[in-house]
Every structure is written in structure tokens, then in C-alpha cells.
Amino acid sequence: MFNVSFFNNEQRKAKQYKTLNGAYKAIYHYLLIKDTKQLRHVILYSPDSAAQNFTCAEQVPYQPPKKLNFYQTRAWLELRVEALSILPAKCCLCGATKESGAQLHVDHIKPRSTHPHLQLELNNLQILCQPCNIGKSNKFNEDWRD
């Protein structure tokens, strides 16, 4: 068991963890909390080594898992290919095509930021060229498909 004591100006809490990685994870997240009124520090007591003191998250040998970017997920990549194979290969707004030098994007008509439940719906996708897609951003919900 790994015993951890969490300290701030007002109190001390002690917890036990089964694994060293679990203890490091808890310490890391505790020290990430920024509060100018409270100084935080943590002591880790390990059964096979000396006590370790931590005062900031950067000192903790823990790397949080990286979140997979939505646009790199298998579900999105498969849906994107399906949209590109079904929808006309031109910008729905200005009519630009690959042949005219346009870089085409698969756009969410209703933005993911405001309609996350529609992010993997084929009927919420349209083809836009890069300038039109960047200009649209997440400010418009216009469906420019023919």
C-alpha cells in the first residue's frame, strides 16, 4: 500500500492507494488545483523507499493520458469517407472544386461545439472549401447543400 498525505493551509488528509501509479495520479491532480490562498504539498510514503515530497504537479512522475482528437477517431474518419463518397465533390457554398485548386473539407452543418449529439450524423455534414469552412466556423448553422 502507498500512503499519501495531502496538505494545505487548513487541513491534512491521508489516503491509501494500491498502486504507485494510482498514488501519482491522485497527487498530480491534487497539485494541479491552483489556489493563491492555500499552499499545497503532498508526501508519498512508499513501502520500499524513502518518503517523497511534492509541491507542484510538474514534480510528479505521472503523465495523464492524451485525449484522442475527434478528427482522428475511427468513427469520424469512416463517416468522413462516406460523406466524401456520397456528397458532390464541390463546395456547397461557393462551388469550388478540387479541379479548381480548392481544398475540400467535410463540415458539420450544426457545429460540434453546440450540437455534440450530431457530430457523427451523416445528415449533418456538407462539403465546404477551406476558406468557406473557416469563415463559417461554428457561428452559422446554414445547410448549403443543393
# chains A, B, ... in the order shown; residues from 1 in each chain; ligands from 1
$ select_by_dssp --residues "stretch 1-145 of chain A" --states "alpha helix (DSSP H)" --output "MDAnalysis selection string"
chainID A and resid 20:32 74:86 130:136
$ write_last_selection --atoms "N, CA and C atoms" --output "compact mmCIF listing (two decimals), in the first residue's frame"
# COMPACT_ATOMS: atom_id res chain seq x y z
N LEU A 20 1.37 2.40 -7.18
CA LEU A 20 2.16 3.63 -7.20
C LEU A 20 1.60 4.59 -8.24
N ASN A 21 1.20 4.07 -9.40
CA ASN A 21 0.64 4.94 -10.44
C ASN A 21 -0.65 5.60 -9.97
N GLY A 22 -1.48 4.88 -9.23
CA GLY A 22 -2.71 5.46 -8.68
C GLY A 22 -2.40 6.59 -7.71
N ALA A 23 -1.37 6.40 -6.90
CA ALA A 23 -0.97 7.45 -5.95
C ALA A 23 -0.44 8.66 -6.71
N TYR A 24 0.42 8.41 -7.71
CA TYR A 24 0.95 9.53 -8.50
C TYR A 24 -0.17 10.29 -9.20
N LYS A 25 -1.14 9.60 -9.72
CA LYS A 25 -2.27 10.24 -10.41
C LYS A 25 -3.03 11.16 -9.45
N ALA A 26 -3.32 10.67 -8.26
CA ALA A 26 -4.04 11.48 -7.26
C ALA A 26 -3.23 12.71 -6.85
N ILE A 27 -1.93 12.51 -6.64
CA ILE A 27 -1.05 13.62 -6.25
C ILE A 27 -1.00 14.66 -7.36
N TYR A 28 -0.83 14.20 -8.60
CA TYR A 28 -0.77 15.10 -9.75
C TYR A 28 -2.02 15.98 -9.83
N HIS A 29 -3.19 15.36 -9.75
CA HIS A 29 -4.44 16.12 -9.87
C HIS A 29 -4.67 17.05 -8.67
N TYR A 30 -4.26 16.63 -7.51
CA TYR A 30 -4.39 17.48 -6.32
C TYR A 30 -3.53 18.74 -6.47
N LEU A 31 -2.32 18.56 -6.97
CA LEU A 31 -1.41 19.70 -7.10
C LEU A 31 -1.72 20.59 -8.30
N LEU A 32 -2.54 20.10 -9.23
CA LEU A 32 -2.95 20.94 -10.37
C LEU A 32 -3.88 22.07 -9.93
N ARG A 74 -11.60 6.68 -35.39
CA ARG A 74 -12.03 5.78 -36.47
C ARG A 74 -13.45 6.12 -36.91
N ALA A 75 -14.34 6.40 -35.95
CA ALA A 75 -15.73 6.71 -36.29
C ALA A 75 -15.81 7.93 -37.21
N TRP A 76 -15.06 9.00 -36.88
CA TRP A 76 -15.09 10.19 -37.73
C TRP A 76 -14.48 9.92 -39.10
N LEU A 77 -13.34 9.26 -39.13
CA LEU A 77 -12.66 9.01 -40.41
C LEU A 77 -13.53 8.17 -41.35
N GLU A 78 -14.24 7.17 -40.80
CA GLU A 78 -15.13 6.36 -41.64
C GLU A 78 -16.32 7.19 -42.13
N LEU A 79 -16.89 8.01 -41.26
CA LEU A 79 -18.03 8.85 -41.65
C LEU A 79 -17.60 9.88 -42.69
N ARG A 80 -16.41 10.43 -42.52
CA ARG A 80 -15.87 11.42 -43.47
C ARG A 80 -15.74 10.81 -44.86
N VAL A 81 -15.19 9.61 -44.95
CA VAL A 81 -15.05 8.94 -46.24
C VAL A 81 -16.43 8.69 -46.85
N GLU A 82 -17.38 8.27 -46.03
CA GLU A 82 -18.74 8.05 -46.52
C GLU A 82 -19.33 9.35 -47.07
N ALA A 83 -19.15 10.45 -46.34
CA ALA A 83 -19.67 11.75 -46.81
C ALA A 83 -19.01 12.15 -48.12
N LEU A 84 -17.70 11.97 -48.22
CA LEU A 84 -16.99 12.33 -49.44
C LEU A 84 -17.41 11.48 -50.63
N SER A 85 -17.85 10.25 -50.38
CA SER A 85 -18.26 9.38 -51.48
C SER A 85 -19.70 9.63 -51.91
N ILE A 86 -20.51 10.18 -51.02
CA ILE A 86 -21.93 10.40 -51.31
C ILE A 86 -22.22 11.83 -51.78
N GLN A 130 -11.94 25.16 -47.97
CA GLN A 130 -11.27 25.63 -46.76
C GLN A 130 -11.66 27.06 -46.38
N PRO A 131 -11.62 28.04 -47.31
CA PRO A 131 -11.99 29.41 -46.90
C PRO A 131 -13.44 29.52 -46.40
N CYS A 132 -14.36 28.82 -47.06
CA CYS A 132 -15.77 28.88 -46.62
C CYS A 132 -15.94 28.21 -45.26
N ASN A 133 -15.26 27.08 -45.06
CA ASN A 133 -15.38 26.37 -43.78
C ASN A 133 -14.79 27.19 -42.64
N ILE A 134 -13.63 27.78 -42.87
CA ILE A 134 -13.01 28.60 -41.83
C ILE A 134 -13.85 29.85 -41.56
N GLY A 135 -14.38 30.44 -42.61
CA GLY A 135 -15.25 31.61 -42.43
C GLY A 135 -16.53 31.28 -41.69
N LYS A 136 -17.09 30.12 -41.97
CA LYS A 136 -18.32 29.69 -41.30
C LYS A 136 -18.06 29.45 -39.81
$ select_by_dssp --residues "chain A" --states "strand (DSSP E)" --output "PyMOL selection string"
chain A and resi 2-7+12-17+41-45+52-54+104-108+125-129
$ residues_around --residues "A:Phe140" --least-positions-apart "3" --cutoff "10 Å" --atoms "only C-alpha atoms" --output "list in words"
Ile109, Lys110, Pro111, Gly135, Lys136, Ser137 and Asp143 of chain A
$ write_last_selection --atoms "C-alpha atoms" --output "CSV table (one decimal), in the first residue's frame"
chain,number,residue,atom,x,y,z
A,109,ILE,CA,-23.7,22.0,-40.5
A,110,LYS,CA,-24.7,22.3,-36.9
A,111,PRO,CA,-21.3,22.7,-35.1
A,135,GLY,CA,-15.2,31.6,-42.4
A,136,LYS,CA,-18.3,29.7,-41.3
A,137,SER,CA,-16.5,28.5,-38.2
A,143,ASP,CA,-27.3,24.0,-44.7
$ residues_around --residues "stretch 92-94 of chain A" --least-positions-apart "4" --cutoff "7 Å" --atoms "only C-alpha atoms" --output "list in words"
Gln126, Ile127, Leu128, Trp144 and Arg145 of chain A
$ residues_around --residues "A:Ser113" --least-positions-apart "4" --cutoff "12 Å" --atoms "only C-alpha atoms" --output "JSON, numbers by chain"
{"A": [70, 108, 109, 117, 118, 119, 137, 138, 139, 140, 141]}
$ residues_around --residues "A:Ile43" --least-positions-apart "5" --cutoff "8 Å" --atoms "only C-alpha atoms" --output "list of chain:residue names"
A:Val4, A:Ser5, A:Phe6, A:Ala51, A:Gln52, A:Asn53, A:Phe54
$ write_last_selection --atoms "N, CA and C atoms" --output "mmCIF file, in the first residue's frame"
data_model
loop_
_atom_site.group_PDB
_atom_site.id
_atom_site.type_symbol
_atom_site.label_atom_id
_atom_site.label_comp_id
_atom_site.auth_asym_id
_atom_site.auth_seq_id
_atom_site.Cartn_x
_atom_site.Cartn_y
_atom_site.Cartn_z
ATOM 1 N N VAL A 4 -0.521 8.332 1.235
ATOM 2 C CA VAL A 4 -0.312 9.691 0.751
ATOM 3 C C VAL A 4 -0.966 10.656 1.728
ATOM 4 N N SER A 5 -0.214 11.675 2.114
ATOM 5 C CA SER A 5 -0.747 12.756 2.958
ATOM 6 C C SER A 5 -0.831 14.016 2.118
ATOM 7 N N PHE A 6 -2.049 14.569 2.043
ATOM 8 C CA PHE A 6 -2.304 15.797 1.285
ATOM 9 C C PHE A 6 -2.427 16.937 2.285
ATOM 10 N N ALA A 51 10.309 8.541 1.914
ATOM 11 C CA ALA A 51 9.176 9.431 1.634
ATOM 12 C C ALA A 51 9.562 10.446 0.565
ATOM 13 N N GLN A 52 8.591 10.759 -0.303
ATOM 14 C CA GLN A 52 8.813 11.744 -1.359
ATOM 15 C C GLN A 52 7.902 12.940 -1.123
ATOM 16 N N ASN A 53 8.453 14.144 -1.248
ATOM 17 C CA ASN A 53 7.680 15.376 -1.092
ATOM 18 C C ASN A 53 7.414 15.988 -2.458
ATOM 19 N N PHE A 54 6.196 16.484 -2.656
ATOM 20 C CA PHE A 54 5.812 17.146 -3.900
ATOM 21 C C PHE A 54 5.113 18.457 -3.563
#
$ atom_distance --atom1 "atom CA of A:Thr97" --atom2 "atom CA of A:Arg112"
24.7 Å
